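Okay, upload-v1.cif now, which holds mmCIF, C-alpha atoms:
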data_entry
#
loop_
_atom_site.label_atom_id
_atom_site.label_comp_id
_atom_site.auth_asym_id
_atom_site.auth_seq_id
_atom_site.Cartn_x
_atom_site.Cartn_y
_atom_site.Cartn_z
CA MET C 1 -12.83 -25.27 4.77
CA THR C 2 -12.22 -26.90 8.14
CA SER C 3 -11.78 -30.40 6.85
CA HIS C 4 -8.31 -30.89 8.33
CA SER C 5 -8.70 -33.22 11.25
CA ASP C 6 -5.19 -34.09 12.30
CA ASP C 7 -3.70 -30.74 13.13
CA GLY C 8 -5.40 -30.25 16.44
CA ASP C 9 -2.76 -28.04 18.00
CA HIS C 10 -2.55 -25.65 15.10
CA HIS C 11 -5.04 -22.87 15.13
CA ASP C 12 -6.24 -20.72 12.35
CA HIS C 13 -4.44 -22.50 9.57
CA ASP C 14 -7.18 -21.58 7.18
CA HIS C 15 -6.67 -17.97 8.06
CA HIS C 16 -5.14 -16.06 5.17
CA ASP C 17 -2.24 -14.01 6.20
CA ASN C 18 -2.69 -11.56 3.37
CA HIS C 19 -5.84 -9.59 3.15
CA PHE C 20 -6.74 -6.26 1.57
CA SER C 21 -9.72 -4.34 2.87
CA ALA C 22 -12.02 -2.93 0.20
CA VAL C 23 -10.46 0.50 0.44
CA GLN C 24 -6.90 -0.85 0.41
CA ALA C 25 -7.72 -2.81 -2.72
CA ARG C 26 -9.34 0.26 -4.28
CA VAL C 27 -6.14 2.23 -3.69
CA LYS C 28 -4.15 -0.52 -5.40
CA ALA C 29 -6.66 -0.53 -8.27
CA LEU C 30 -6.30 3.23 -8.71
CA GLU C 31 -2.53 2.86 -8.65
CA THR C 32 -2.70 0.14 -11.31
CA VAL C 33 -4.92 2.13 -13.63
CA LEU C 34 -3.01 5.38 -13.21
CA THR C 35 0.32 3.62 -13.75
CA GLN C 36 -0.97 1.91 -16.91
CA LYS C 37 -2.09 5.29 -18.22
CA GLY C 38 1.35 6.72 -17.51
CA LEU C 39 -0.08 9.28 -15.09
CA ILE C 40 1.85 8.13 -12.07
CA ASP C 41 5.03 6.24 -11.51
CA PRO C 42 5.06 3.89 -8.50
CA ALA C 43 8.60 5.00 -7.61
CA ALA C 44 7.46 8.61 -7.39
CA ILE C 45 4.56 7.59 -5.17
CA ASP C 46 6.87 5.61 -2.93
CA ALA C 47 9.17 8.61 -2.69
CA ILE C 48 6.33 10.87 -1.54
CA VAL C 49 5.08 8.26 0.91
CA ASP C 50 8.58 7.82 2.28
CA THR C 51 8.82 11.52 3.13
CA TYR C 52 5.95 10.87 5.54
CA GLU C 53 7.65 7.85 7.04
CA THR C 54 7.45 9.25 10.55
CA LYS C 55 3.87 10.42 10.08
CA ILE C 56 2.40 7.06 9.29
CA GLY C 57 1.13 4.81 12.02
CA PRO C 58 1.61 5.41 15.69
CA ARG C 59 5.26 4.28 15.87
CA ASN C 60 4.51 2.74 19.20
CA GLY C 61 7.69 0.70 19.04
CA ALA C 62 9.83 3.69 19.97
CA ARG C 63 7.94 4.00 23.24
CA VAL C 64 8.32 0.27 23.85
CA VAL C 65 12.09 0.57 23.39
CA ALA C 66 12.37 3.65 25.62
CA LYS C 67 10.47 1.89 28.38
CA ALA C 68 12.68 -1.20 28.06
CA TRP C 69 15.77 1.00 28.37
CA SER C 70 14.43 2.70 31.48
CA GLU C 71 12.73 -0.13 33.31
CA PRO C 72 14.60 -3.41 33.76
CA ASP C 73 11.42 -5.19 34.80
CA PHE C 74 9.70 -4.20 31.60
CA ALA C 75 12.76 -5.25 29.60
CA GLY C 76 12.61 -8.64 31.26
CA TRP C 77 8.94 -9.01 30.46
CA LEU C 78 9.58 -7.96 26.88
CA ARG C 79 12.28 -10.60 26.61
CA SER C 80 10.07 -13.38 27.94
CA ASP C 81 6.70 -12.39 26.44
CA ALA C 82 6.89 -9.48 24.03
CA THR C 83 3.31 -9.90 22.84
CA ALA C 84 1.92 -9.35 26.35
CA ALA C 85 4.43 -6.65 27.30
CA ILE C 86 3.64 -4.64 24.16
CA ALA C 87 -0.09 -5.22 24.55
CA SER C 88 0.13 -3.90 28.12
CA LEU C 89 0.88 -0.49 26.62
CA GLY C 90 -2.30 -0.73 24.59
CA TYR C 91 -0.55 -1.53 21.32
CA THR C 92 -1.93 -4.56 19.59
CA GLY C 93 -1.46 -5.80 16.10
CA ARG C 94 -4.43 -5.92 13.83
CA GLN C 95 -4.14 -9.62 13.28
CA GLY C 96 -3.26 -10.53 16.84
CA GLU C 97 0.21 -11.40 15.70
CA HIS C 98 2.81 -12.57 18.15
CA MET C 99 5.75 -10.29 18.66
CA ARG C 100 9.20 -11.25 19.74
CA ALA C 101 11.74 -8.69 20.95
CA VAL C 102 15.36 -9.36 20.07
CA PHE C 103 17.89 -7.34 22.05
CA ASN C 104 21.06 -5.91 20.59
CA THR C 105 24.04 -6.35 22.89
CA PRO C 106 27.72 -5.45 22.65
CA GLU C 107 28.22 -8.95 21.23
CA THR C 108 25.24 -9.33 18.90
CA HIS C 109 23.39 -7.19 16.41
CA ASN C 110 19.94 -8.25 15.20
CA LEU C 111 18.48 -7.64 11.77
CA VAL C 112 14.92 -8.38 10.67
CA VAL C 113 13.99 -9.27 7.11
CA CYS C 114 10.67 -9.95 5.38
CA THR C 115 8.02 -7.41 4.93
CA LEU C 116 7.02 -8.25 1.46
CA CYS C 117 3.49 -9.10 2.30
CA SER C 118 0.86 -7.40 4.38
CA CYS C 119 1.97 -8.77 7.73
CA TYR C 120 4.58 -6.19 8.59
CA PRO C 121 3.68 -4.89 12.06
CA TRP C 122 3.60 -1.26 11.05
CA SER C 123 1.31 -0.39 13.95
CA VAL C 124 4.32 -1.03 16.18
CA LEU C 125 7.24 -0.21 13.91
CA GLY C 126 5.88 2.44 11.59
CA LEU C 127 6.04 2.27 7.82
CA PRO C 128 8.62 -0.06 6.32
CA PRO C 129 11.23 1.68 4.19
CA VAL C 130 10.63 1.31 0.47
CA TRP C 131 13.86 -0.58 -0.18
CA TYR C 132 13.07 -2.98 2.63
CA LYS C 133 10.28 -4.56 0.61
CA ALA C 134 12.52 -5.24 -2.35
CA PRO C 135 13.24 -8.94 -2.91
CA PRO C 136 17.01 -8.30 -3.42
CA TYR C 137 17.25 -6.84 0.06
CA ARG C 138 15.66 -9.88 1.60
CA SER C 139 17.92 -12.39 -0.08
CA ARG C 140 21.09 -10.34 0.32
CA ALA C 141 20.40 -9.65 3.98
CA VAL C 142 20.34 -13.37 4.60
CA ILE C 143 23.52 -14.10 2.60
CA ASP C 144 25.59 -11.05 3.47
CA PRO C 145 24.08 -9.12 6.38
CA ARG C 146 27.32 -7.33 7.16
CA GLY C 147 27.61 -6.04 3.61
CA VAL C 148 23.99 -4.87 3.56
CA LEU C 149 24.40 -3.08 6.88
CA ASP C 150 27.59 -1.48 5.61
CA GLU C 151 25.62 -0.01 2.71
CA PHE C 152 23.22 1.51 5.17
CA GLY C 153 26.14 3.15 6.92
CA VAL C 154 26.10 0.75 9.83
CA THR C 155 29.60 -0.60 10.19
CA LEU C 156 29.91 -3.16 12.93
CA PRO C 157 33.14 -4.51 14.37
CA ASP C 158 34.09 -7.89 12.93
CA THR C 159 33.84 -9.38 16.38
CA LYS C 160 30.15 -8.54 16.59
CA LYS C 161 27.82 -11.33 15.58
CA ILE C 162 24.86 -10.55 13.33
CA ARG C 163 21.68 -12.55 13.68
CA VAL C 164 19.08 -12.34 10.93
CA TRP C 165 15.44 -12.95 11.80
CA ASP C 166 12.88 -13.77 9.15
CA SER C 167 9.29 -13.12 10.20
CA THR C 168 6.77 -15.88 9.82
CA ALA C 169 3.03 -15.56 9.51
CA GLU C 170 2.72 -16.11 13.25
CA LEU C 171 5.72 -14.25 14.60
CA ARG C 172 6.99 -10.71 14.01
CA TYR C 173 10.12 -9.17 15.41
CA ILE C 174 11.12 -5.90 16.95
CA VAL C 175 14.79 -5.14 17.53
CA ILE C 176 15.61 -3.45 20.83
CA PRO C 177 18.66 -1.36 19.92
CA GLU C 178 21.41 -0.68 22.43
CA ARG C 179 20.81 2.37 24.55
CA PRO C 180 23.15 5.14 23.41
CA PHE C 181 25.84 6.37 25.78
CA GLY C 182 25.28 9.57 27.66
CA THR C 183 21.49 9.26 27.85
CA GLU C 184 21.20 8.46 31.57
CA SER C 185 19.46 11.72 32.36
CA LEU C 186 16.84 11.50 29.61
CA ASP C 187 13.23 10.67 30.36
CA GLN C 188 11.30 8.09 28.34
CA GLN C 189 9.83 10.62 25.96
CA ALA C 190 13.25 12.02 25.12
CA LEU C 191 14.60 8.49 24.78
CA ALA C 192 11.81 7.55 22.39
CA ASP C 193 12.96 10.37 20.10
CA LEU C 194 16.28 8.55 19.72
CA VAL C 195 14.61 5.38 18.49
CA THR C 196 14.39 5.41 14.71
CA ARG C 197 12.31 3.09 12.62
CA ASP C 198 15.50 1.66 11.13
CA SER C 199 16.91 0.90 14.57
CA MET C 200 13.87 -1.27 15.33
CA ILE C 201 14.41 -3.43 12.27
CA GLY C 202 18.16 -3.49 12.74
CA THR C 203 19.21 -1.56 9.64
CA GLY C 204 20.27 1.35 11.83
CA LEU C 205 21.26 2.18 15.37
CA ALA C 206 19.49 4.41 17.85
CA LYS C 207 20.47 8.06 17.50
CA SER C 208 23.09 9.36 19.90
CA ALA C 209 22.10 11.90 22.54
CA GLY C 210 23.71 14.63 20.44
CA GLU C 211 21.72 13.73 17.32
CA ALA C 212 18.38 14.00 19.05
CA ARG C 213 17.71 17.58 18.04
CA MET R 1 7.31 23.29 5.89
CA ASN R 2 5.96 20.93 3.33
CA ALA R 3 5.73 20.85 -0.40
CA PHE R 4 2.03 20.15 -0.58
CA GLU R 5 0.62 23.34 0.87
CA PRO R 6 -1.97 23.81 -1.89
CA LEU R 7 -3.25 20.28 -1.52
CA LEU R 8 -3.57 20.77 2.20
CA ALA R 9 -5.44 24.00 1.70
CA GLY R 10 -7.77 22.27 -0.73
CA SER R 11 -8.43 19.39 1.63
CA PRO R 12 -10.39 20.60 4.63
CA GLY R 13 -10.28 18.36 7.68
CA LEU R 14 -7.12 16.53 6.70
CA PRO R 15 -5.64 15.04 9.88
CA LYS R 16 -2.44 16.97 10.64
CA SER R 17 0.39 16.93 13.13
CA ASN R 18 1.26 19.88 15.35
CA GLU R 19 3.82 20.89 12.73
CA GLY R 20 1.10 20.99 10.09
CA ASP R 21 2.13 17.85 8.22
CA PRO R 22 -0.53 15.37 7.24
CA VAL R 23 -0.64 12.26 9.37
CA PHE R 24 -1.84 8.88 8.23
CA ALA R 25 -3.26 6.09 10.32
CA GLU R 26 -2.35 3.46 7.75
CA PRO R 27 0.04 3.19 4.81
CA TRP R 28 -2.71 3.07 2.15
CA GLN R 29 -3.84 6.50 3.26
CA ALA R 30 -0.42 7.92 2.48
CA GLU R 31 -0.49 6.17 -0.91
CA ALA R 32 -3.85 7.71 -1.76
CA PHE R 33 -2.55 11.10 -0.67
CA ALA R 34 0.65 10.70 -2.72
CA MET R 35 -1.26 9.69 -5.87
CA THR R 36 -3.45 12.77 -5.54
CA VAL R 37 -0.37 14.96 -5.17
CA ARG R 38 1.18 13.45 -8.31
CA LEU R 39 -1.97 13.77 -10.40
CA HIS R 40 -2.22 17.41 -9.52
CA GLU R 41 1.46 17.98 -10.28
CA LYS R 42 0.85 16.44 -13.69
CA GLY R 43 -2.03 18.81 -14.28
CA VAL R 44 -4.65 16.07 -14.39
CA PHE R 45 -6.93 18.17 -12.20
CA SER R 46 -6.88 21.52 -10.47
CA TRP R 47 -7.13 22.06 -6.74
CA SER R 48 -10.60 23.46 -7.08
CA GLU R 49 -11.69 20.33 -8.91
CA TRP R 50 -10.11 18.23 -6.19
CA ALA R 51 -11.60 20.28 -3.37
CA GLU R 52 -15.04 19.95 -4.92
CA ALA R 53 -14.78 16.18 -5.34
CA LEU R 54 -13.50 15.76 -1.79
CA SER R 55 -16.15 18.02 -0.25
CA HIS R 56 -18.83 16.11 -2.08
CA GLU R 57 -17.73 12.93 -0.27
CA LEU R 58 -17.03 14.61 3.07
CA TYR R 59 -20.48 16.11 3.30
CA LYS R 60 -22.37 13.00 2.37
CA PRO R 61 -24.74 11.82 5.08
CA GLY R 62 -23.62 8.87 7.15
CA ARG R 63 -20.08 10.04 7.89
CA LYS R 64 -18.55 8.70 11.08
CA ALA R 65 -18.74 11.11 14.01
CA ASP R 66 -15.04 10.70 14.81
CA ALA R 67 -14.06 11.38 11.17
CA SER R 68 -12.05 8.15 11.09
CA ASP R 69 -13.44 7.58 7.60
CA TYR R 70 -11.73 10.69 6.25
CA PHE R 71 -9.45 8.78 3.92
CA ASP R 72 -12.27 6.50 2.81
CA CYS R 73 -13.89 9.70 1.57
CA TRP R 74 -10.58 10.73 0.04
CA VAL R 75 -10.35 7.49 -1.94
CA ALA R 76 -13.99 7.76 -2.99
CA ALA R 77 -13.35 11.32 -4.21
CA LEU R 78 -10.26 10.28 -6.15
CA SER R 79 -12.13 7.36 -7.73
CA ARG R 80 -14.97 9.67 -8.73
CA LEU R 81 -12.66 12.26 -10.18
CA VAL R 82 -10.70 9.82 -12.35
CA THR R 83 -13.93 8.35 -13.72
CA GLU R 84 -15.45 11.78 -14.35
CA LEU R 85 -12.29 12.71 -16.22
CA SER R 86 -12.73 9.50 -18.26
CA ILE R 87 -9.33 8.19 -17.22
CA THR R 88 -11.05 4.95 -16.38
CA SER R 89 -14.55 3.56 -15.84
CA TRP R 90 -16.24 2.48 -12.63
CA ASP R 91 -16.56 -1.01 -14.04
CA HIS R 92 -12.87 -1.29 -14.69
CA LEU R 93 -12.00 0.16 -11.30
CA ASP R 94 -14.34 -2.26 -9.51
CA HIS R 95 -13.00 -5.16 -11.51
CA LEU R 96 -9.42 -4.28 -10.60
CA THR R 97 -10.34 -3.74 -6.94
CA GLN R 98 -11.79 -7.23 -6.70
CA SER R 99 -8.83 -8.64 -8.54
CA TRP R 100 -6.42 -7.09 -6.00
CA GLN R 101 -8.44 -8.57 -3.15
CA ARG R 102 -8.24 -12.04 -4.69
CA ALA R 103 -4.54 -11.55 -5.36
CA ALA R 104 -3.90 -10.67 -1.71
CA GLU R 105 -5.77 -13.73 -0.48
CA ALA R 106 -3.87 -15.95 -2.90
CA THR R 107 -0.43 -14.65 -1.97
CA PRO R 108 1.46 -16.77 0.53
CA HIS R 109 3.26 -15.15 3.41
CA GLY R 110 6.66 -13.75 2.55
CA LYS R 111 5.88 -13.14 -1.11
CA PRO R 112 5.05 -9.76 -2.58
CA ILE R 113 1.37 -9.23 -3.33
CA LEU R 114 1.16 -8.84 -7.11
CA LEU R 115 -1.88 -8.44 -9.29
CA GLU R 116 -0.74 -11.48 -11.30
CA ASN R 117 -1.37 -13.58 -8.19
CA ASP R 118 -5.12 -13.26 -8.72
CA PRO R 119 -6.13 -16.80 -9.73
CA GLN R 120 -8.89 -15.45 -11.99
CA ARG R 121 -6.60 -13.31 -14.09
#
With the file now loaded, output its structure as structure tokens.
Amino acid sequence: MTSHSDDGDHHDHDHHDNHFSAVQARVKALETVLTQKGLIDPAAIDAIVDTYETKIGPRNGARVVAKAWSEPDFAGWLRSDATAAIASLGYTGRQGEHMRAVFNTPETHNLVVCTLCSCYPWSVLGLPPVWYKAPPYRSRAVIDPRGVLDEFGVTLPDTKKIRVWDSTAELRYIVIPERPFGTESLDQQALADLVTRDSMIGTGLAKSAGEAR
Amino acid sequence: MNAFEPLLAGSPGLPKSNEGDPVFAEPWQAEAFAMTVRLHEKGVFSWSEWAEALSHELYKPGRKADASDYFDCWVAALSRLVTELSITSWDHLDHLTQSWQRAAEATPHGKPILLENDPQR
């Protein structure tokens, strides 16, 4: 399998990005069989899973964002080397993927697409929303990001630029949303509560201080 | 509050949050949980049947001390129950499991993993 000789500076090109563990594959097999027998409907399963959205995975990303809001040095590190900055908190991807943090500013909003395969960094971001995996979302987000965001209830001023980031096998993104106004007195734990999953993929904004509870 | 109280009661040791909701370390665990909920809602099995199948797996020797294999036991129990109820056979389940693994390996980045992607299908 390692017969390529002329790609010396590329590592791990034989590594498959998509891999199911035995138990993951067994779950898919059960789903296939039960769907074929008409006993379950994948949409109903997705709906149940989605109700546990915040209960799946450690959602470490929210703590990363809260720290970046509170500590300019950490924000700077995150900007220059997100993989190391995130790893410093003890959060590492399962496949050693590289992370890049993209910061929302008054001028620019960032939106991440692609999560169709198994490389979505859910250990950092939590479970992807069901609709996010749908091929129409991916293609539409690239063509008409403003329209897609509008549908999610995120209406941005026309003057604000939208940048769309498409993950690759080697690089995954986390959006650092803008810190909401009126949160100066909050500690990092309270700030982390404002950071929704959607705000870290750019399909939402961080909650306002008033929405927190 | 959650809608799955009976399932929780019938599933000793299920990892839970402070609010009493189940928590999942990985997405497949939530999928396995959700399928079990649906099958019970459809009347495919009763909670006592489920509890018995799950206990059987949970009390097998060789469990991990930190219980991190809880959902492995869950999936084993669900597999056992659906074969005992003759919904499918072990052979078919194993065949499909291997097929999904090949499909995942054969799926390039950025494309959805579909069973059709298994080159041997």
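Between CA of Lys111 in chain R and CA of Ile176 in chain C the interatomic distance comes to 25.9 Å.
Distance annotation: of R:Val82, R:Leu58, R:Leu14, R:Ala65, the residue with the minimal separation from His40 in chain R is R:Val82; atom set is all atoms listed in the file.
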Using the chain letters and residue numbers of this document, give as an MDAnalysis selection string the residues selected by the PyMOL selection byres ((chain R) within 9 of (chain C)).
-> chainID R and resid 17 21:35 37:39 42 44 72 75:76 78:79 82 87:88 92:113 115
For this file, the PyMOL selection byres ((chain C and resi 101) around 7) selects which residues, as an MDAnalysis selection string?
-> chainID C and resid 78:79 82 99:100 102:103 173:176
Expanded to explicit residues, what is the PyMOL selection byres ((chain C and resi 182) around 12) for this file, as a compact mmCIF listing (two decimals) with C-alpha atoms, in the coordinates of the input?
# COMPACT_ATOMS: atom_id res chain seq x y z
CA ARG C 179 20.81 2.37 24.55
CA PRO C 180 23.15 5.14 23.41
CA PHE C 181 25.84 6.37 25.78
CA THR C 183 21.49 9.26 27.85
CA GLU C 184 21.20 8.46 31.57
CA SER C 185 19.46 11.72 32.36
CA LEU C 186 16.84 11.50 29.61
CA LEU C 191 14.60 8.49 24.78
CA LYS C 207 20.47 8.06 17.50
CA SER C 208 23.09 9.36 19.90
CA ALA C 209 22.10 11.90 22.54
CA GLY C 210 23.71 14.63 20.44
CA GLU C 211 21.72 13.73 17.32
CA ALA C 212 18.38 14.00 19.05
Spatial neighbours of range 67-69 of chain C, 10 Å, all atoms listed in the file, chain gap at least 2 places, as a list in words = Gly61, Ala62, Arg63, Val64, Val65, Glu71, Pro72, Asp73, Phe74, Ala75, Gly76, Trp77, Leu78, Arg79, Ala85, Ile176, Pro177, Glu178, Arg179, Pro180, Glu184, Asp187, Gln188, Gln189, Leu191 and Ala192 of chain C
Could the residues in this selection be written to a file with C-alpha atoms, as a PDB file, keeping the file's coordinate frame?
ATOM      1  CA  GLY C  61       7.690   0.700  19.040  1.00  0.00           C
ATOM      2  CA  ALA C  62       9.830   3.690  19.970  1.00  0.00           C
ATOM      3  CA  ARG C  63       7.940   4.000  23.240  1.00  0.00           C
ATOM      4  CA  VAL C  64       8.320   0.270  23.850  1.00  0.00           C
ATOM      5  CA  VAL C  65      12.090   0.570  23.390  1.00  0.00           C
ATOM      6  CA  GLU C  71      12.730  -0.130  33.310  1.00  0.00           C
ATOM      7  CA  PRO C  72      14.600  -3.410  33.760  1.00  0.00           C
ATOM      8  CA  ASP C  73      11.420  -5.190  34.800  1.00  0.00           C
ATOM      9  CA  PHE C  74       9.700  -4.200  31.600  1.00  0.00           C
ATOM     10  CA  ALA C  75      12.760  -5.250  29.600  1.00  0.00           C
ATOM     11  CA  GLY C  76      12.610  -8.640  31.260  1.00  0.00           C
ATOM     12  CA  TRP C  77       8.940  -9.010  30.460  1.00  0.00           C
ATOM     13  CA  LEU C  78       9.580  -7.960  26.880  1.00  0.00           C
ATOM     14  CA  ARG C  79      12.280 -10.600  26.610  1.00  0.00           C
ATOM     15  CA  ALA C  85       4.430  -6.650  27.300  1.00  0.00           C
ATOM     16  CA  ILE C 176      15.610  -3.450  20.830  1.00  0.00           C
ATOM     17  CA  PRO C 177      18.660  -1.360  19.920  1.00  0.00           C
ATOM     18  CA  GLU C 178      21.410  -0.680  22.430  1.00  0.00           C
ATOM     19  CA  ARG C 179      20.810   2.370  24.550  1.00  0.00           C
ATOM     20  CA  PRO C 180      23.150   5.140  23.410  1.00  0.00           C
ATOM     21  CA  GLU C 184      21.200   8.460  31.570  1.00  0.00           C
ATOM     22  CA  ASP C 187      13.230  10.670  30.360  1.00  0.00           C
ATOM     23  CA  GLN C 188      11.300   8.090  28.340  1.00  0.00           C
ATOM     24  CA  GLN C 189       9.830  10.620  25.960  1.00  0.00           C
ATOM     25  CA  LEU C 191      14.600   8.490  24.780  1.00  0.00           C
ATOM     26  CA  ALA C 192      11.810   7.550  22.390  1.00  0.00           C
TER      27      ALA C 192
END
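Nearest residue to Pro145 in chain C, choosing from C:Val195, C:Leu89, C:Val112, C:Leu171 and counting all atoms listed in the file: C:Val112.
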What separates CA of Lys64 in chain R and CA of Ala87 in chain C is a distance of 26.8 Å
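Going from CA of Tyr137 in chain C to CA of Pro119 in chain R covers 27.2 Å.
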Find the residues around Trp50 in chain R up to 9 Å (all atoms listed in the file counted), leave out those fewer than 5 positions away in its own chain, and share them as a PyMOL selection string.
-> chain R and resi 7+10-11+36+40+45+55+77-78+81
Which residue out of R:Glu84, R:Glu41, R:Asp118, R:Asp91 has the minimum interatomic distance to Ala53 in chain R when all atoms listed in the file are used?
-> R:Glu84
Close residues, Asn110 in chain C itself excluded, 7 Å, all atoms listed in the file, min 6 positions apart in chain, as a short mmCIF file (atom, residue, chain, number, x, y, z; two decimals) with C-alpha atoms, in the frame of the given file:
data_model
loop_
_atom_site.label_atom_id
_atom_site.label_comp_id
_atom_site.auth_asym_id
_atom_site.auth_seq_id
_atom_site.Cartn_x
_atom_site.Cartn_y
_atom_site.Cartn_z
CA VAL C 102 15.36 -9.36 20.07
CA ASN C 104 21.06 -5.91 20.59
CA ILE C 162 24.86 -10.55 13.33
CA ARG C 163 21.68 -12.55 13.68
CA VAL C 164 19.08 -12.34 10.93
CA VAL C 175 14.79 -5.14 17.53
CA GLY C 202 18.16 -3.49 12.74
#
